[in-house]
>>> print(open('model.pdb').read())   # PDB, C-alpha atoms, pLDDT in the B column
ATOM      1  CA  MET A 272     -14.964 -10.821  16.447  1.00 51.00           C
ATOM      2  CA  ARG A 273     -11.165 -10.622  16.406  1.00 70.00           C
ATOM      3  CA  THR A 274      -9.663  -7.535  17.982  1.00 73.00           C
ATOM      4  CA  LEU A 275      -6.273  -5.961  18.472  1.00 76.00           C
ATOM      5  CA  SER A 276      -5.498  -4.591  21.911  1.00 74.00           C
ATOM      6  CA  GLN A 277      -3.526  -1.531  22.908  1.00 75.00           C
ATOM      7  CA  GLY A 278       0.152  -2.357  23.256  1.00 76.00           C
ATOM      8  CA  GLN A 279      -0.161  -5.484  21.120  1.00 82.00           C
ATOM      9  CA  GLN A 280       2.672  -6.245  18.737  1.00 87.00           C
ATOM     10  CA  VAL A 281       1.615  -6.828  15.146  1.00 91.00           C
ATOM     11  CA  VAL A 282       3.820  -7.910  12.266  1.00 94.00           C
ATOM     12  CA  LEU A 283       3.708  -5.673   9.223  1.00 93.00           C
ATOM     13  CA  ALA A 284       4.086  -8.211   6.429  1.00 93.00           C
ATOM     14  CA  SER A 285       6.315  -6.006   4.310  1.00 86.00           C
ATOM     15  CA  HIS A 286       9.983  -5.342   3.681  1.00 81.00           C
ATOM     16  CA  ASN A 287       9.169  -1.837   2.380  1.00 80.00           C
ATOM     17  CA  ALA A 288      10.529   0.853   4.728  1.00 80.00           C
ATOM     18  CA  GLY A 289       8.156   3.469   3.308  1.00 77.00           C
ATOM     19  CA  LYS A 290       5.135   1.364   4.152  1.00 79.00           C
ATOM     20  CA  LEU A 291       6.467   0.712   7.657  1.00 83.00           C
ATOM     21  CA  ARG A 292       6.732   4.477   8.257  1.00 82.00           C
ATOM     22  CA  GLU A 293       3.189   5.081   7.006  1.00 78.00           C
ATOM     23  CA  PHE A 294       1.646   2.243   9.003  1.00 83.00           C
ATOM     24  CA  ALA A 295       3.536   3.176  12.162  1.00 82.00           C
ATOM     25  CA  ALA A 296       2.138   6.715  11.863  1.00 79.00           C
ATOM     26  CA  LEU A 297      -1.394   5.394  11.364  1.00 77.00           C
ATOM     27  CA  LEU A 298      -1.254   2.800  14.158  1.00 80.00           C
ATOM     28  CA  GLY A 299       0.731   4.801  16.699  1.00 78.00           C
ATOM     29  CA  PRO A 300      -2.246   6.789  18.035  1.00 79.00           C
ATOM     30  CA  VAL A 301      -4.151   3.585  18.909  1.00 80.00           C
ATOM     31  CA  GLY A 302      -1.192   1.974  20.677  1.00 82.00           C
ATOM     32  CA  ILE A 303      -0.467  -0.895  18.275  1.00 84.00           C
ATOM     33  CA  LYS A 304       3.240  -1.699  18.062  1.00 85.00           C
ATOM     34  CA  LEU A 305       4.491  -2.662  14.618  1.00 87.00           C
ATOM     35  CA  VAL A 306       7.457  -4.858  13.825  1.00 89.00           C
ATOM     36  CA  SER A 307       8.359  -5.447  10.204  1.00 90.00           C
ATOM     37  CA  ALA A 308       8.695  -8.836   8.548  1.00 91.00           C
ATOM     38  CA  ALA A 309      12.218  -7.771   7.603  1.00 90.00           C
ATOM     39  CA  ALA A 310      13.156  -7.131  11.242  1.00 90.00           C
ATOM     40  CA  LEU A 311      11.989 -10.655  12.118  1.00 92.00           C
ATOM     41  CA  GLY A 312      13.888 -12.149   9.183  1.00 92.00           C
ATOM     42  CA  LEU A 313      10.725 -13.482   7.567  1.00 93.00           C
ATOM     43  CA  PRO A 314      10.951 -14.404   3.888  1.00 89.00           C
ATOM     44  CA  GLU A 315       8.852 -12.608   1.291  1.00 87.00           C
ATOM     45  CA  PRO A 316       6.269 -15.018  -0.123  1.00 91.00           C
ATOM     46  CA  GLU A 317       5.524 -15.261  -3.836  1.00 89.00           C
ATOM     47  CA  GLU A 318       2.692 -12.853  -4.661  1.00 87.00           C
ATOM     48  CA  ASP A 319       0.939 -14.673  -7.453  1.00 88.00           C
ATOM     49  CA  ALA A 320      -2.718 -13.795  -6.898  1.00 92.00           C
ATOM     50  CA  ALA A 321      -4.714 -12.104  -9.647  1.00 91.00           C
ATOM     51  CA  ASP A 322      -5.786  -9.160  -7.501  1.00 94.00           C
ATOM     52  CA  PHE A 323      -4.650  -6.909  -4.666  1.00 95.00           C
ATOM     53  CA  ALA A 324      -6.815  -8.636  -2.043  1.00 96.00           C
ATOM     54  CA  GLY A 325      -5.389 -12.051  -2.889  1.00 96.00           C
ATOM     55  CA  ASN A 326      -1.799 -10.841  -2.677  1.00 95.00           C
ATOM     56  CA  ALA A 327      -2.457  -9.091   0.634  1.00 95.00           C
ATOM     57  CA  ARG A 328      -3.911 -12.322   2.028  1.00 96.00           C
ATOM     58  CA  ILE A 329      -0.886 -14.359   0.895  1.00 96.00           C
ATOM     59  CA  LYS A 330       1.512 -12.006   2.709  1.00 95.00           C
ATOM     60  CA  ALA A 331      -0.513 -11.661   5.913  1.00 96.00           C
ATOM     61  CA  VAL A 332      -1.111 -15.394   6.331  1.00 96.00           C
ATOM     62  CA  ALA A 333       2.558 -16.178   5.685  1.00 96.00           C
ATOM     63  CA  ALA A 334       3.732 -13.628   8.279  1.00 96.00           C
ATOM     64  CA  ALA A 335       1.173 -14.676  10.909  1.00 96.00           C
ATOM     65  CA  THR A 336       1.981 -18.360  10.447  1.00 96.00           C
ATOM     66  CA  ALA A 337       5.753 -17.825  10.595  1.00 95.00           C
ATOM     67  CA  SER A 338       5.740 -15.398  13.541  1.00 95.00           C
ATOM     68  CA  GLY A 339       2.853 -16.666  15.681  1.00 95.00           C
ATOM     69  CA  LEU A 340       1.616 -13.060  15.890  1.00 95.00           C
ATOM     70  CA  ALA A 341      -1.248 -11.201  14.259  1.00 94.00           C
ATOM     71  CA  ALA A 342      -0.065  -9.784  10.949  1.00 95.00           C
ATOM     72  CA  LEU A 343      -1.148  -6.883   8.804  1.00 95.00           C
ATOM     73  CA  SER A 344      -0.315  -6.720   5.138  1.00 94.00           C
ATOM     74  CA  ASP A 345      -0.878  -4.318   2.330  1.00 90.00           C
ATOM     75  CA  ASP A 346      -0.952  -4.903  -1.373  1.00 92.00           C
ATOM     76  CA  SER A 347      -1.337  -1.726  -3.270  1.00 91.00           C
ATOM     77  CA  GLY A 348      -0.748  -0.463  -6.719  1.00 94.00           C
ATOM     78  CA  PHE A 349      -0.960   2.327  -9.213  1.00 98.00           C
ATOM     79  CA  CYS A 350      -3.514   1.909 -11.976  1.00 98.00           C
ATOM     80  CA  VAL A 351      -3.681   4.021 -15.135  1.00 98.00           C
ATOM     81  CA  ALA A 352      -6.819   4.089 -17.273  1.00 98.00           C
ATOM     82  CA  GLY A 353      -4.896   4.775 -20.489  1.00 97.00           C
ATOM     83  CA  LEU A 354      -2.843   1.608 -19.866  1.00 97.00           C
ATOM     84  CA  GLY A 355      -5.866  -0.604 -19.236  1.00 96.00           C
ATOM     85  CA  GLY A 356      -5.317  -0.420 -15.467  1.00 97.00           C
ATOM     86  CA  ALA A 357      -1.601  -1.253 -15.626  1.00 97.00           C
ATOM     87  CA  PRO A 358       0.754  -1.441 -13.852  1.00 98.00           C
ATOM     88  CA  GLY A 359      -1.861  -2.520 -11.268  1.00 96.00           C
ATOM     89  CA  VAL A 360      -0.893  -5.663  -9.355  1.00 95.00           C
ATOM     90  CA  HIS A 361       2.483  -5.531 -11.135  1.00 94.00           C
ATOM     91  CA  SER A 362       3.336  -2.033  -9.843  1.00 95.00           C
ATOM     92  CA  ALA A 363       6.346  -3.202  -7.816  1.00 90.00           C
ATOM     93  CA  ARG A 364       7.557  -5.452 -10.644  1.00 92.00           C
ATOM     94  CA  TRP A 365       7.705  -2.504 -13.035  1.00 96.00           C
ATOM     95  CA  ALA A 366      10.349  -1.052 -10.677  1.00 95.00           C
ATOM     96  CA  GLY A 367      12.440  -4.219 -10.992  1.00 92.00           C
ATOM     97  CA  PRO A 368      14.599  -5.921  -8.361  1.00 90.00           C
ATOM     98  CA  SER A 369      16.397  -2.657  -7.585  1.00 90.00           C
ATOM     99  CA  LYS A 370      13.073  -0.903  -6.777  1.00 89.00           C
ATOM    100  CA  ASP A 371      13.775   1.777  -9.390  1.00 94.00           C
ATOM    101  CA  PHE A 372      10.528   3.731  -9.236  1.00 96.00           C
ATOM    102  CA  ALA A 373      11.984   6.623 -11.225  1.00 96.00           C
ATOM    103  CA  GLY A 374      12.386   4.110 -14.041  1.00 97.00           C
ATOM    104  CA  ALA A 375       8.901   2.715 -13.427  1.00 97.00           C
ATOM    105  CA  MET A 376       7.376   6.201 -13.652  1.00 97.00           C
ATOM    106  CA  GLU A 377       9.307   6.828 -16.878  1.00 97.00           C
ATOM    107  CA  GLN A 378       7.888   3.563 -18.211  1.00 97.00           C
ATOM    108  CA  VAL A 379       4.326   4.726 -17.435  1.00 98.00           C
ATOM    109  CA  HIS A 380       5.041   8.032 -19.168  1.00 97.00           C
ATOM    110  CA  GLN A 381       6.534   6.376 -22.251  1.00 97.00           C
ATOM    111  CA  ARG A 382       3.722   3.842 -22.600  1.00 97.00           C
ATOM    112  CA  LEU A 383       1.072   6.531 -22.254  1.00 97.00           C
ATOM    113  CA  GLY A 384       2.624   8.619 -25.005  1.00 95.00           C
ATOM    114  CA  ASP A 385      -0.003  10.990 -26.389  1.00 92.00           C
ATOM    115  CA  THR A 386      -2.916   9.183 -24.753  1.00 92.00           C
ATOM    116  CA  VAL A 387      -5.444  11.817 -23.727  1.00 93.00           C
ATOM    117  CA  ASP A 388      -6.956   9.781 -20.884  1.00 96.00           C
ATOM    118  CA  ARG A 389      -4.832  10.609 -17.850  1.00 97.00           C
ATOM    119  CA  ARG A 390      -7.160   9.135 -15.195  1.00 98.00           C
ATOM    120  CA  ALA A 391      -5.351   7.092 -12.571  1.00 98.00           C
ATOM    121  CA  TRP A 392      -6.036   5.616  -9.182  1.00 98.00           C
ATOM    122  CA  PHE A 393      -4.283   3.954  -6.298  1.00 97.00           C
ATOM    123  CA  VAL A 394      -5.811   0.853  -4.714  1.00 97.00           C
ATOM    124  CA  ALA A 395      -4.886  -0.614  -1.343  1.00 95.00           C
ATOM    125  CA  ALA A 396      -5.989  -3.965   0.012  1.00 96.00           C
ATOM    126  CA  LEU A 397      -5.208  -4.482   3.685  1.00 95.00           C
ATOM    127  CA  CYS A 398      -5.427  -7.915   5.231  1.00 95.00           C
ATOM    128  CA  LEU A 399      -5.291  -8.849   8.891  1.00 94.00           C
ATOM    129  CA  ALA A 400      -4.382 -12.448   9.605  1.00 95.00           C
ATOM    130  CA  TRP A 401      -4.101 -14.400  12.821  1.00 94.00           C
ATOM    131  CA  PRO A 402      -1.909 -17.465  13.403  1.00 94.00           C
ATOM    132  CA  ASP A 403      -4.963 -19.750  13.233  1.00 92.00           C
ATOM    133  CA  GLY A 404      -5.546 -18.713   9.605  1.00 89.00           C
ATOM    134  CA  HIS A 405      -8.466 -16.339  10.200  1.00 92.00           C
ATOM    135  CA  THR A 406      -8.325 -13.288   7.893  1.00 94.00           C
ATOM    136  CA  ALA A 407     -10.202 -10.068   7.219  1.00 93.00           C
ATOM    137  CA  THR A 408      -9.609  -7.899   4.133  1.00 95.00           C
ATOM    138  CA  PHE A 409     -10.355  -4.213   3.531  1.00 95.00           C
ATOM    139  CA  LEU A 410     -10.155  -2.120   0.328  1.00 97.00           C
ATOM    140  CA  GLY A 411      -9.448   1.585  -0.216  1.00 96.00           C
ATOM    141  CA  ARG A 412      -9.140   3.631  -3.413  1.00 97.00           C
ATOM    142  CA  THR A 413      -8.097   7.177  -4.328  1.00 97.00           C
ATOM    143  CA  ASP A 414      -8.834   8.543  -7.798  1.00 98.00           C
ATOM    144  CA  GLY A 415      -6.864  11.226  -9.592  1.00 98.00           C
ATOM    145  CA  ALA A 416      -4.642  11.758 -12.621  1.00 98.00           C
ATOM    146  CA  VAL A 417      -1.157  11.097 -13.942  1.00 98.00           C
ATOM    147  CA  VAL A 418       1.128  14.130 -14.116  1.00 97.00           C
ATOM    148  CA  TRP A 419       4.467  14.544 -15.881  1.00 97.00           C
ATOM    149  CA  PRO A 420       7.137  15.340 -14.930  1.00 96.00           C
ATOM    150  CA  PRO A 421       6.969  13.817 -11.435  1.00 97.00           C
ATOM    151  CA  ARG A 422       6.697  16.351  -8.621  1.00 97.00           C
ATOM    152  CA  GLY A 423       7.948  16.108  -5.043  1.00 96.00           C
ATOM    153  CA  ASP A 424      10.337  13.918  -3.091  1.00 93.00           C
ATOM    154  CA  LYS A 425       8.033  12.822  -0.275  1.00 91.00           C
ATOM    155  CA  GLY A 426       6.184   9.537  -0.171  1.00 82.00           C
ATOM    156  CA  PHE A 427       7.483   6.634  -2.229  1.00 87.00           C
ATOM    157  CA  GLY A 428       6.783   4.559  -5.322  1.00 93.00           C
ATOM    158  CA  TYR A 429       4.617   6.301  -7.926  1.00 97.00           C
ATOM    159  CA  ASP A 430       3.576   9.102  -5.524  1.00 96.00           C
ATOM    160  CA  PRO A 431       5.356  11.916  -7.432  1.00 97.00           C
ATOM    161  CA  MET A 432       3.337  11.301 -10.613  1.00 98.00           C
ATOM    162  CA  PHE A 433      -0.109  10.997  -8.991  1.00 98.00           C
ATOM    163  CA  LEU A 434      -2.346  14.023  -8.462  1.00 98.00           C
ATOM    164  CA  PRO A 435      -5.337  13.078  -6.272  1.00 97.00           C
ATOM    165  CA  GLY A 436      -8.663  14.512  -7.389  1.00 96.00           C
ATOM    166  CA  GLY A 437      -9.525  17.874  -5.853  1.00 93.00           C
ATOM    167  CA  THR A 438      -5.941  18.710  -4.843  1.00 94.00           C
ATOM    168  CA  GLN A 439      -3.108  20.791  -6.273  1.00 95.00           C
ATOM    169  CA  ALA A 440      -0.278  18.655  -4.840  1.00 97.00           C
ATOM    170  CA  THR A 441       0.894  15.225  -5.882  1.00 97.00           C
ATOM    171  CA  PHE A 442       1.285  12.515  -3.265  1.00 97.00           C
ATOM    172  CA  GLY A 443       5.019  13.187  -3.649  1.00 96.00           C
ATOM    173  CA  GLU A 444       4.544  16.811  -2.603  1.00 97.00           C
ATOM    174  CA  MET A 445       2.221  16.177   0.347  1.00 96.00           C
ATOM    175  CA  ASP A 446       3.245  16.090   3.974  1.00 93.00           C
ATOM    176  CA  PRO A 447       2.336  12.749   5.583  1.00 87.00           C
ATOM    177  CA  ASP A 448      -0.718  14.147   7.383  1.00 86.00           C
ATOM    178  CA  ALA A 449      -2.131  15.591   4.164  1.00 91.00           C
ATOM    179  CA  LYS A 450      -1.550  12.337   2.317  1.00 91.00           C
ATOM    180  CA  HIS A 451      -3.144  10.273   5.104  1.00 84.00           C
ATOM    181  CA  ALA A 452      -6.281  12.411   4.800  1.00 87.00           C
ATOM    182  CA  VAL A 453      -6.923  11.271   1.215  1.00 92.00           C
ATOM    183  CA  SER A 454      -4.821   8.172   0.556  1.00 91.00           C
ATOM    184  CA  HIS A 455      -6.099   4.777  -0.542  1.00 93.00           C
ATOM    185  CA  ARG A 456      -4.189   3.162   2.321  1.00 87.00           C
ATOM    186  CA  ALA A 457      -5.693   5.460   4.938  1.00 86.00           C
ATOM    187  CA  ARG A 458      -9.190   4.814   3.573  1.00 92.00           C
ATOM    188  CA  ALA A 459      -8.706   1.080   3.920  1.00 93.00           C
ATOM    189  CA  PHE A 460      -7.072   1.585   7.278  1.00 86.00           C
ATOM    190  CA  VAL A 461     -10.105   3.364   8.738  1.00 87.00           C
ATOM    191  CA  GLN A 462     -12.039   0.161   8.036  1.00 90.00           C
ATOM    192  CA  VAL A 463      -9.357  -1.928   9.779  1.00 85.00           C
ATOM    193  CA  LEU A 464      -9.596   0.207  12.895  1.00 81.00           C
ATOM    194  CA  ALA A 465     -13.378   0.088  12.929  1.00 82.00           C
ATOM    195  CA  PHE A 466     -13.288  -3.703  12.596  1.00 78.00           C
ATOM    196  CA  CYS A 467     -10.618  -4.392  15.192  1.00 69.00           C
ATOM    197  CA  LEU A 468     -10.992  -1.667  17.765  1.00 67.00           C
ATOM    198  CA  GLY A 469     -14.689  -0.940  17.532  1.00 59.00           C
TER
END
>>> encode(input="model.pdb", output="structure tokens")
Amino acid sequence: MRTLSQGQQVVLASHNAGKLREFAALLGPVGIKLVSAAALGLPEPEEDAADFAGNARIKAVAAATASGLAALSDDSGFCVAGLGGAPGVHSARWAGPSKDFAGAMEQVHQRLGDTVDRRAWFVAALCLAWPDGHTATFLGRTDGAVVWPPRGDKGFGYDPMFLPGGTQATFGEMDPDAKHAVSHRARAFVQVLAFCLG
């Protein structure tokens, strides 16, 4: 079984600063050192898979191959029942090239209109890849509801409009520790740690 050792450097196959902060917080306690794909000057591959797991695999394999290091990638998205699961794998694209998530949240709100079904969920697919092409993929999900107007300025992306089930605070209102306790990414991440570190 592949493992990651304490002190090992792993490439986070992302150019998203918010994700780097979250992953660094999650990996710090086990001694894994993260370096971002952006810091290494790695290009962003085309994410053209039909699902989160496929896109995560594309990114992790590209980063591991280009860097010669183990790579960890995340493909995650915001899914709304009243929109047939959209934006889903296109969550980042709804924000456009300028990463305008305020505009993306407004788009969700406008498209939902008077739709009564406000169920929503975040999905995260994490993929570990090694330079030899070996991969392992892990999935996490958090269910909740869409709220409007958005609340909170913490987190990133669609966090301010997502209220996780059983809570009173949106992801955008939660401190990092509170979000890590219930987030889709943290749920997938627990599986990564169990797989790699035993």
>>> closest_residue(input="model.pdb", among="A:Ala288, A:Ala342, A:Ala295, A:Leu311", to="Ala407 (chain A)", atoms="only C-alpha atoms")
A:Ala342
>>> atom_distance(input="model.pdb", atom1="CA of Ala320 (chain A)", atom2="CA of Ser369 (chain A)")
22.1 Å
>>> resolve_selection(input="model.pdb", expression="the PyMOL selection byres ((chain A and resi 336) around 8)", output="ChimeraX atom specification")
/A:332-335,337-340,401-404
>>> resolve_selection(input="model.pdb", expression="the PyMOL selection byres ((chain A and resi 430) around 9)", output="ChimeraX atom specification")
/A:349,421-429,431-434,441-444
>>> atom_distance(input="model.pdb", atom1="CA of Val360 (chain A)", atom2="CA of Asp319 (chain A)")
9.4 Å
>>> resolve_selection(input="model.pdb", expression="the PyMOL selection byres ((chain A and resi 276) around 9)", output="PyMOL selection string")
chain A and resi 274-275+277-280+301-303+467-468
>>> write_last_selection(input="model.pdb", atoms="C-alpha atoms", output="compact mmCIF listing (two decimals), keeping the file's coordinate frame")
# COMPACT_ATOMS: atom_id res chain seq x y z
CA THR A 274 -9.66 -7.54 17.98
CA LEU A 275 -6.27 -5.96 18.47
CA GLN A 277 -3.53 -1.53 22.91
CA GLY A 278 0.15 -2.36 23.26
CA GLN A 279 -0.16 -5.48 21.12
CA GLN A 280 2.67 -6.24 18.74
CA VAL A 301 -4.15 3.58 18.91
CA GLY A 302 -1.19 1.97 20.68
CA ILE A 303 -0.47 -0.90 18.27
CA CYS A 467 -10.62 -4.39 15.19
CA LEU A 468 -10.99 -1.67 17.76
>>> closest_residue(input="model.pdb", among="A:Leu313, A:Gly356, A:Ala375, A:Leu343", to="Leu291 (chain A)", atoms="all atoms listed in the file")
A:Leu343
>>> atom_distance(input="model.pdb", atom1="CA of Ala452 (chain A)", atom2="CA of Trp365 (chain A)")
27.1 Å
>>> closest_residue(input="model.pdb", among="A:Arg458, A:Arg382, A:Lys450, A:His361", to="Arg412 (chain A)", atoms="only C-alpha atoms")
A:Arg458
>>> residues_around(input="model.pdb", residues="His455 (chain A)", least_positions_apart="3", cutoff="7 Å", atoms="all atoms listed in the file", output="list in words")
Phe393, Val394, Ala395, Gly411, Arg412, Thr413, Arg458 and Ala459 of chain A
>>> residues_near_point(input="model.pdb", point="(-7.6, 10.5, -12.7)", cutoff="9 Å", atoms="all atoms listed in the file", output="list in words")
Val351, Ala352, Asp388, Arg389, Arg390, Ala391, Trp392, Asp414, Gly415, Ala416, Val417, Phe433, Leu434, Pro435 and Gly436 of chain A
>>> residues_near_point(input="model.pdb", point="(-2.9, -5.7, -2.3)", cutoff="9 Å", atoms="only C-alpha atoms", output="number ranges by chain")
A: 322-328, 344-348, 360, 394-398, 410
>>> axis_aligned_box(input="model.pdb", around="region 374-384 of chain A", padding_each_side="6 Å", output="lines of an AutoDock Vina configuration file")
center_x = 6.7
center_y = 5.7
center_z = -19.2
size_x = 23.3
size_y = 17.9
size_z = 23.6
>>> decode(input="model.pdb", residues="region 284-328 of chain A", atoms="C-alpha atoms", output="compact mmCIF listing (two decimals), in the first residue's frame")
# COMPACT_ATOMS: atom_id res chain seq x y z
CA ALA A 284 -2.75 20.14 -7.54
CA SER A 285 -4.62 23.42 -7.30
CA HIS A 286 -4.11 27.11 -7.98
CA ASN A 287 -6.88 27.99 -5.49
CA ALA A 288 -5.45 29.80 -2.44
CA GLY A 289 -8.52 28.96 -0.35
CA LYS A 290 -8.06 25.25 -0.93
CA LEU A 291 -4.35 25.51 -0.09
CA ARG A 292 -5.22 27.09 3.27
CA GLU A 293 -7.78 24.38 4.06
CA PHE A 294 -5.52 21.50 3.06
CA ALA A 295 -2.54 22.94 4.91
CA ALA A 296 -4.67 23.11 8.07
CA LEU A 297 -5.83 19.52 7.61
CA LEU A 298 -2.40 18.08 6.78
CA GLY A 299 -0.32 20.14 9.20
CA PRO A 300 -1.02 17.97 12.26
CA VAL A 301 0.30 14.84 10.50
CA GLY A 302 3.48 16.53 9.27
CA ILE A 303 2.82 16.54 5.52
CA LYS A 304 4.27 19.61 3.81
CA LEU A 305 2.17 21.04 1.00
CA VAL A 306 3.41 23.01 -1.97
CA SER A 307 0.89 24.31 -4.46
CA ALA A 308 0.93 23.63 -8.19
CA ALA A 309 0.96 27.40 -8.65
CA ALA A 310 4.14 27.77 -6.57
CA LEU A 311 5.84 25.18 -8.79
CA GLY A 312 4.61 26.89 -11.95
CA LEU A 313 2.64 23.84 -13.06
CA PRO A 314 -0.05 24.42 -15.69
CA GLU A 315 -3.70 23.74 -14.93
CA PRO A 316 -4.88 20.76 -16.98
CA GLU A 317 -8.20 20.73 -18.82
CA GLU A 318 -10.85 19.28 -16.50
CA ASP A 319 -13.13 17.55 -18.94
CA ALA A 320 -14.30 14.49 -17.01
CA ALA A 321 -18.00 13.89 -16.45
CA ASP A 322 -17.72 13.64 -12.67
CA PHE A 323 -15.79 14.98 -9.69
CA ALA A 324 -13.65 11.84 -9.30
CA GLY A 325 -12.53 11.97 -12.92
CA ASN A 326 -11.55 15.63 -12.71
CA ALA A 327 -9.65 15.06 -9.46
CA ARG A 328 -7.72 12.22 -11.11
